[in-house]
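model.txt (compact mmCIF, C-alpha atoms) appears below.
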# COMPACT_ATOMS: atom_id res chain seq x y z
CA MET X 29 161.83 55.50 122.06
CA ASN X 30 158.80 57.18 120.50
CA ARG X 31 155.69 54.97 120.79
CA ILE X 32 155.24 55.10 117.02
CA ASP X 33 158.68 53.57 116.48
CA GLN X 34 157.94 50.96 119.14
CA LEU X 35 154.72 49.99 117.38
CA PHE X 36 156.34 49.48 114.01
CA GLN X 37 159.27 47.68 115.59
CA ASN X 38 157.08 45.32 117.62
CA LYS X 39 154.30 44.64 115.11
CA GLY X 40 155.30 45.88 111.69
CA LYS X 41 152.37 44.50 109.65
CA ASP X 42 148.58 44.87 109.59
CA ILE X 43 148.70 47.99 111.76
CA LEU X 44 145.24 49.45 112.17
CA SER X 45 145.01 53.20 112.68
CA ILE X 46 141.67 54.87 113.38
CA TYR X 47 140.84 58.55 112.90
CA PHE X 48 138.06 60.51 114.56
CA PRO X 49 137.54 64.21 115.33
CA ALA X 50 137.99 65.30 118.94
CA GLY X 51 134.71 65.94 120.71
CA TYR X 52 132.58 63.72 118.46
CA PRO X 53 129.84 62.69 118.59
CA ASN X 54 129.61 64.42 121.98
CA LEU X 55 131.97 67.05 123.35
CA ASN X 56 133.41 64.84 126.10
CA ASP X 57 133.68 61.65 124.01
CA THR X 58 137.35 62.10 123.07
CA VAL X 59 138.92 59.99 125.83
CA PRO X 60 136.08 57.41 125.98
CA ASN X 61 136.57 56.88 122.23
CA LEU X 62 140.28 56.32 122.79
CA GLN X 63 139.58 53.81 125.55
CA LEU X 64 137.12 51.92 123.34
CA LEU X 65 139.63 51.72 120.50
CA GLN X 66 142.46 50.58 122.76
CA ASP X 67 140.26 47.97 124.42
CA LYS X 68 139.29 46.63 120.99
CA GLY X 69 142.91 46.21 119.93
CA VAL X 70 143.42 49.18 117.60
CA ASP X 71 147.13 49.93 117.19
CA LEU X 72 147.24 53.68 116.62
CA VAL X 73 144.77 56.57 116.81
CA GLU X 74 144.72 59.89 114.99
CA ILE X 75 142.67 62.51 116.85
CA GLY X 76 141.38 65.17 114.51
CA ILE X 77 141.60 68.80 115.57
CA PRO X 78 138.26 70.11 114.28
CA PHE X 79 138.62 72.96 111.80
CA SER X 80 136.09 74.96 109.80
CA ASP X 81 137.83 74.55 106.42
CA PRO X 82 139.57 71.16 106.21
CA LEU X 83 141.37 70.82 102.87
CA ALA X 84 141.60 67.06 102.57
CA ASP X 85 138.39 65.91 104.23
CA GLY X 86 135.21 64.68 102.60
CA PRO X 87 131.66 65.52 103.69
CA VAL X 88 131.37 63.01 106.55
CA ILE X 89 134.43 64.35 108.35
CA GLN X 90 133.46 67.95 107.56
CA ILE X 91 130.03 67.47 109.13
CA ALA X 92 131.48 65.74 112.18
CA ALA X 93 134.07 68.49 112.64
CA LYS X 94 131.40 71.19 112.39
CA GLN X 95 129.28 69.42 115.00
CA SER X 96 132.28 69.19 117.30
CA LEU X 97 133.07 72.88 116.84
CA ASP X 98 129.42 73.85 117.38
CA GLN X 99 129.50 71.93 120.67
CA GLY X 100 132.45 74.00 121.85
CA MET X 101 135.52 71.95 120.91
CA SER X 102 138.78 73.87 120.67
CA LEU X 103 142.45 72.98 120.73
CA LYS X 104 142.71 74.32 124.27
CA LEU X 105 139.83 72.11 125.40
CA LEU X 106 141.30 69.11 123.60
CA PHE X 107 144.53 69.43 125.57
CA GLU X 108 142.52 69.71 128.77
CA GLN X 109 140.71 66.48 127.86
CA LEU X 110 144.03 64.75 127.15
CA LYS X 111 146.03 65.98 130.16
CA ASN X 112 145.68 62.66 132.03
CA VAL X 113 145.20 60.39 129.03
CA ARG X 114 148.46 58.51 129.61
CA HIS X 115 147.11 57.20 132.91
CA SER X 116 145.08 54.69 130.88
CA ILE X 117 146.06 54.89 127.21
CA THR X 118 149.31 53.29 126.13
CA MET X 119 148.93 53.14 122.33
CA PRO X 120 150.52 55.83 120.14
CA LEU X 121 148.45 58.97 119.70
CA ILE X 122 148.67 61.44 116.83
CA LEU X 123 146.95 64.79 116.39
CA MET X 124 145.84 65.60 112.85
CA GLY X 125 144.94 69.13 111.91
CA TYR X 126 145.66 72.23 109.88
CA TRP X 127 148.51 74.63 110.33
CA ASN X 128 146.66 77.89 110.94
CA VAL X 129 144.97 76.39 114.02
CA ILE X 130 148.38 75.49 115.46
CA PHE X 131 149.91 78.80 114.36
CA LYS X 132 147.13 80.77 116.08
CA TYR X 133 147.48 78.65 119.23
CA GLY X 134 151.25 79.22 119.21
CA VAL X 135 153.71 76.64 117.93
CA ASP X 136 155.77 76.55 121.12
CA ALA X 137 152.67 76.22 123.31
CA PHE X 138 151.24 73.56 121.02
CA LEU X 139 154.37 71.42 121.10
CA ALA X 140 154.74 71.82 124.86
CA ASP X 141 151.15 70.70 125.37
CA CYS X 142 151.67 67.76 123.02
CA GLN X 143 154.69 66.70 125.04
CA ASN X 144 152.89 67.14 128.35
CA CYS X 145 149.92 65.05 127.19
CA GLY X 146 152.05 62.30 125.66
CA ILE X 147 151.21 62.98 122.02
CA ASP X 148 153.64 61.07 119.81
CA GLY X 149 153.19 62.83 116.49
CA VAL X 150 151.16 65.24 114.41
CA ILE X 151 149.89 65.23 110.84
CA LEU X 152 149.67 68.69 109.28
CA PRO X 153 148.81 68.34 105.58
CA ASP X 154 149.19 72.04 104.78
CA LEU X 155 152.56 72.67 106.45
CA PRO X 156 155.10 72.68 103.58
CA LEU X 157 158.13 70.47 104.10
CA GLU X 158 160.57 73.32 103.42
CA GLU X 159 158.92 75.62 105.94
CA TYR X 160 158.88 72.83 108.51
CA GLU X 161 162.57 72.04 108.05
CA GLU X 162 163.71 75.67 108.02
CA GLU X 163 161.62 77.04 110.87
CA PHE X 164 160.11 74.33 113.04
CA LYS X 165 161.99 71.03 112.82
CA ALA X 166 164.28 71.76 115.75
CA LYS X 167 161.30 72.70 117.94
CA PHE X 168 159.42 69.51 117.05
CA GLU X 169 162.46 67.38 117.77
CA SER X 170 163.21 69.09 121.09
CA HIS X 171 159.71 68.16 122.27
CA GLY X 172 159.89 64.60 120.93
CA VAL X 173 156.93 65.14 118.58
CA TYR X 174 157.10 63.51 115.15
CA ASN X 175 155.84 65.43 112.12
CA ILE X 176 154.24 62.67 110.05
CA LEU X 177 154.63 63.47 106.35
CA LEU X 178 152.30 62.61 103.49
CA VAL X 179 152.88 61.33 99.96
CA THR X 180 150.33 61.10 97.15
CA PRO X 181 150.19 59.47 93.71
CA GLN X 182 151.23 62.86 92.30
CA THR X 183 154.40 63.10 94.43
CA THR X 184 157.42 63.07 92.11
CA ASP X 185 160.35 60.73 92.69
CA GLN X 186 162.57 63.72 93.50
CA ARG X 187 160.07 65.05 96.03
CA MET X 188 159.55 61.60 97.51
CA ALA X 189 163.29 61.26 98.11
CA LYS X 190 163.25 64.53 100.09
CA ILE X 191 160.23 63.39 102.10
CA GLU X 192 161.81 60.01 102.81
CA LYS X 193 164.92 61.72 104.16
CA ALA X 194 162.94 64.06 106.40
CA ALA X 195 160.26 61.62 107.56
CA LYS X 196 159.85 60.34 111.11
CA GLY X 197 157.74 57.42 112.33
CA PHE X 198 155.96 56.49 109.12
CA LEU X 199 154.72 57.93 105.84
CA TYR X 200 151.03 58.64 105.42
CA MET X 201 150.43 57.20 101.96
CA VAL X 202 147.39 58.95 100.50
CA SER X 203 145.74 56.41 98.18
CA SER X 204 144.33 58.88 95.66
CA SER X 205 144.05 62.56 94.79
CA ALA X 206 140.46 62.70 96.08
CA THR X 207 139.29 63.78 99.53
CA THR X 208 138.55 61.33 102.33
CA GLY X 209 135.51 59.06 102.25
CA GLY X 210 135.71 57.59 98.76
CA ALA X 211 136.17 53.93 97.86
CA LEU X 212 139.61 52.42 97.35
CA GLU X 213 139.57 51.44 93.69
CA GLN X 214 142.11 48.84 92.63
CA SER X 215 144.29 49.53 89.61
CA THR X 216 147.71 48.60 88.35
CA GLU X 217 148.77 52.25 88.43
CA ARG X 218 147.74 52.62 92.06
CA GLU X 219 149.42 49.38 93.08
CA ASP X 220 152.64 50.49 91.37
CA TYR X 221 152.51 53.66 93.46
CA PHE X 222 151.94 51.62 96.64
CA LYS X 223 154.90 49.39 95.80
CA LYS X 224 157.16 52.37 95.16
CA VAL X 225 156.37 53.89 98.53
CA ALA X 226 156.67 50.52 100.27
CA SER X 227 160.20 50.21 98.90
CA LEU X 228 161.33 53.31 100.78
CA ASP X 229 163.37 53.03 103.95
CA ILE X 230 160.52 53.99 106.29
CA PRO X 231 157.23 52.31 107.23
CA SER X 232 153.99 53.48 105.63
CA LEU X 233 150.25 53.40 106.28
CA ILE X 234 147.67 53.83 103.52
CA GLY X 235 144.79 56.23 104.06
CA PHE X 236 141.75 57.48 102.08
CA GLY X 237 139.21 54.90 100.90
CA ILE X 238 139.83 52.22 103.54
CA HIS X 239 136.40 51.39 104.91
CA ASP X 240 136.09 47.69 105.82
CA LYS X 241 138.10 44.54 106.50
CA ALA X 242 138.57 43.72 102.82
CA SER X 243 139.95 47.15 101.90
CA PHE X 244 142.08 47.16 105.06
CA GLN X 245 143.60 43.79 104.17
CA HIS X 246 144.15 44.84 100.56
CA ALA X 247 145.94 48.04 101.61
CA SER X 248 147.98 46.18 104.22
CA GLY X 249 149.33 43.96 101.45
CA PHE X 250 151.18 46.98 100.08
CA SER X 251 152.16 48.70 103.32
CA ASN X 252 152.54 48.25 107.07
CA GLY X 253 148.83 48.84 107.56
CA ALA X 254 146.06 51.31 106.90
CA ILE X 255 144.04 54.19 108.32
CA ILE X 256 140.25 54.24 108.61
CA GLY X 257 138.42 57.49 109.29
CA THR X 258 135.14 58.15 107.51
CA ALA X 259 133.73 54.65 108.05
CA PHE X 260 134.51 54.81 111.76
CA ILE X 261 132.89 58.24 112.08
CA LYS X 262 129.75 56.83 110.43
CA ALA X 263 129.80 54.08 113.06
CA LEU X 264 130.18 56.64 115.84
CA THR X 265 127.22 58.52 114.41
CA SER X 266 125.03 55.42 114.33
CA GLY X 267 126.17 54.13 117.72
CA THR X 268 127.83 51.02 116.25
CA ALA X 269 131.50 51.91 116.81
CA SER X 270 132.27 48.84 118.89
CA GLU X 271 130.74 46.47 116.36
CA PHE X 272 132.47 48.22 113.49
CA VAL X 273 135.93 47.81 115.00
CA ASP X 274 135.14 44.14 115.73
CA SER X 275 134.37 43.69 112.02
CA LEU X 276 137.86 44.89 111.09
CA LEU X 277 139.87 42.59 113.33

Show how you would write the structure in this file as structure tokens.
Amino acid sequence: MNRIDQLFQNKGKDILSIYFPAGYPNLNDTVPNLQLLQDKGVDLVEIGIPFSDPLADGPVIQIAAKQSLDQGMSLKLLFEQLKNVRHSITMPLILMGYWNVIFKYGVDAFLADCQNCGIDGVILPDLPLEEYEEEFKAKFESHGVYNILLVTPQTTDQRMAKIEKAAKGFLYMVSSSATTGGALEQSTEREDYFKKVASLDIPSLIGFGIHDKASFQHASGFSNGAIIGTAFIKALTSGTASEFVDSLL
């Protein structure tokens, strides 16, 4: 069974997922960051593949990704860093990035390296569902790598039904139409959207705007848990990552 499925089967609620870019704040910090997060009790980690033009990311993640790239991070180096990660890391691991990086690397090579390193899933916001299903779904499935799909407040009911049918692992429920790093504002309209997604026949995690224990708990009331990225990267930058994670749990 995929580790993502095991997590949702064994825990189900209040799942904490943390995002950070590979190679940040220092080039060789990827695995030490993972070890810190696992030791602190984080349930799931999304490792960002740094990219020069991230569509969905706010300024904090953009700056961190640029620093990582400037230090020499690449997808090839990331896989080298992760080649023995399963000797010590047991929690589910997801790579999050943009399609042209994977396409340039080679889809077959990328999926083979994911499988060899024990990567459980990927999040690729700019890979259209139709293109994935027509051209790449069989390859992903043959390597045991889940393609985690996203929904937003603008996703139509018809589109959401297609995504629900195709989804594996969980749905990434984007809280708003903004980029990452903003605050999670509470509204009846947003909560209705959360409830609609929560009613689907697949688990979901809420991302964008989750930045502290209060916003994590609020989001978890409408889903299986939530994803924190920008706030954790700020803590990495200031050297307070350990204390920050403690404040969430």

Near-stretch 54-56 of chain X list (9 Å; only C-alpha atoms; drop same-chain fewer than 5 positions) as a list in words: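 Result of the neighbour search: Gln95, Ser96, Leu97, Gln99, Gly100, Met101 and Gln109 of chain X.
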
For each of X:Ser203, X:Ala93, X:Thr258, X:Thr268, take the minimum atom-to-atom distance to X:Thr183, counting only C-alpha atoms, then give the residue where this is smallest. X:Ser203

Pairwise distance for atom CA of X:Ile117 and atom CA of X:Ser275, rounded to one decimal in Å: 22.2 Å

Take every atom of stretch 146-152 of chain X listed in the file, pad by 5 Å on each side, and give me the axis-aligned box centre and edge lengths in Å, one decimal, as lines of an AutoDock Vina configuration file.
center_x = 151.7
center_y = 64.9
center_z = 117.5
size_x = 14.0
size_y = 17.6
size_z = 26.4

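The shortest atom-to-atom distance to X:Ser270, with only C-alpha atoms taken into account, belongs to X:Pro60 out of X:Pro231, X:Gly253, X:Pro181, X:Pro60.
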
Nearby residues (all atoms listed in the file) at most 10 Å from stretch 141-153 of chain X, same-chain spacing under 3 positions excluded, as a PyMOL selection string: chain X and resi 30-33+74-76+82-84+104+107-114+117-128+130+135-138+156-157+168+170-179+196-197+200

Produce stretch 224-235 of chain X of the given structure as output with all heavy atoms, as a short mmCIF file (atom, residue, chain, number, x, y, z; two decimals), in the first residue's frame.
data_model
loop_
_atom_site.label_atom_id
_atom_site.label_comp_id
_atom_site.auth_asym_id
_atom_site.auth_seq_id
_atom_site.Cartn_x
_atom_site.Cartn_y
_atom_site.Cartn_z
N LYS X 224 -18.04 21.18 0.50
CA LYS X 224 -18.33 20.47 -0.75
C LYS X 224 -17.20 19.49 -1.08
O LYS X 224 -17.44 18.33 -1.43
CB LYS X 224 -18.53 21.47 -1.89
CG LYS X 224 -18.78 20.81 -3.23
CD LYS X 224 -19.24 21.82 -4.28
CE LYS X 224 -18.18 22.81 -4.64
NZ LYS X 224 -18.61 23.69 -5.76
N VAL X 225 -15.97 19.96 -0.94
CA VAL X 225 -14.83 19.08 -1.23
C VAL X 225 -14.75 17.95 -0.20
O VAL X 225 -14.45 16.80 -0.55
CB VAL X 225 -13.52 19.89 -1.27
CG1 VAL X 225 -12.34 18.96 -1.51
CG2 VAL X 225 -13.58 20.96 -2.34
N ALA X 226 -15.01 18.28 1.06
CA ALA X 226 -14.95 17.27 2.12
C ALA X 226 -15.98 16.16 1.91
O ALA X 226 -15.80 15.04 2.41
CB ALA X 226 -15.14 17.91 3.48
N SER X 227 -17.04 16.46 1.18
CA SER X 227 -18.08 15.46 0.94
C SER X 227 -17.71 14.46 -0.15
O SER X 227 -18.40 13.45 -0.33
CB SER X 227 -19.40 16.15 0.56
OG SER X 227 -19.32 16.72 -0.74
N LEU X 228 -16.63 14.73 -0.87
CA LEU X 228 -16.21 13.83 -1.93
C LEU X 228 -15.64 12.54 -1.35
O LEU X 228 -15.24 12.48 -0.19
CB LEU X 228 -15.16 14.51 -2.81
CG LEU X 228 -15.59 15.80 -3.50
CD1 LEU X 228 -14.42 16.40 -4.27
CD2 LEU X 228 -16.78 15.58 -4.42
N ASP X 229 -15.56 11.54 -2.20
CA ASP X 229 -15.13 10.21 -1.74
C ASP X 229 -13.61 10.06 -1.83
O ASP X 229 -13.10 9.08 -2.39
CB ASP X 229 -15.84 9.14 -2.57
CG ASP X 229 -15.63 7.74 -2.00
OD1 ASP X 229 -15.42 7.64 -0.77
OD2 ASP X 229 -15.68 6.77 -2.77
N ILE X 230 -12.90 11.03 -1.28
CA ILE X 230 -11.43 10.97 -1.22
C ILE X 230 -10.99 11.96 -0.15
O ILE X 230 -11.61 13.02 0.01
CB ILE X 230 -10.79 11.30 -2.59
CG1 ILE X 230 -9.26 11.12 -2.53
CG2 ILE X 230 -11.18 12.70 -3.07
CD1 ILE X 230 -8.58 11.18 -3.87
N PRO X 231 -9.95 11.65 0.61
CA PRO X 231 -9.48 12.60 1.62
C PRO X 231 -8.99 13.90 0.99
O PRO X 231 -8.70 13.96 -0.21
CB PRO X 231 -8.32 11.85 2.30
CG PRO X 231 -8.51 10.42 1.97
CD PRO X 231 -9.18 10.39 0.63
N SER X 232 -8.88 14.93 1.82
CA SER X 232 -8.39 16.22 1.33
C SER X 232 -7.56 16.91 2.39
O SER X 232 -7.76 16.72 3.60
CB SER X 232 -9.56 17.12 0.92
OG SER X 232 -10.41 17.39 2.03
N LEU X 233 -6.61 17.72 1.93
CA LEU X 233 -5.82 18.59 2.79
C LEU X 233 -5.95 20.01 2.24
O LEU X 233 -5.90 20.22 1.03
CB LEU X 233 -4.35 18.19 2.81
CG LEU X 233 -4.00 16.80 3.35
CD1 LEU X 233 -2.49 16.55 3.24
CD2 LEU X 233 -4.44 16.66 4.81
N ILE X 234 -6.09 20.98 3.13
CA ILE X 234 -6.23 22.37 2.73
C ILE X 234 -4.87 23.06 2.75
O ILE X 234 -4.12 22.95 3.72
CB ILE X 234 -7.22 23.12 3.65
CG1 ILE X 234 -8.62 22.52 3.51
CG2 ILE X 234 -7.25 24.62 3.32
CD1 ILE X 234 -9.65 23.12 4.44
N GLY X 235 -4.56 23.77 1.67
CA GLY X 235 -3.32 24.52 1.59
C GLY X 235 -3.57 25.96 1.18
O GLY X 235 -4.66 26.31 0.72
#
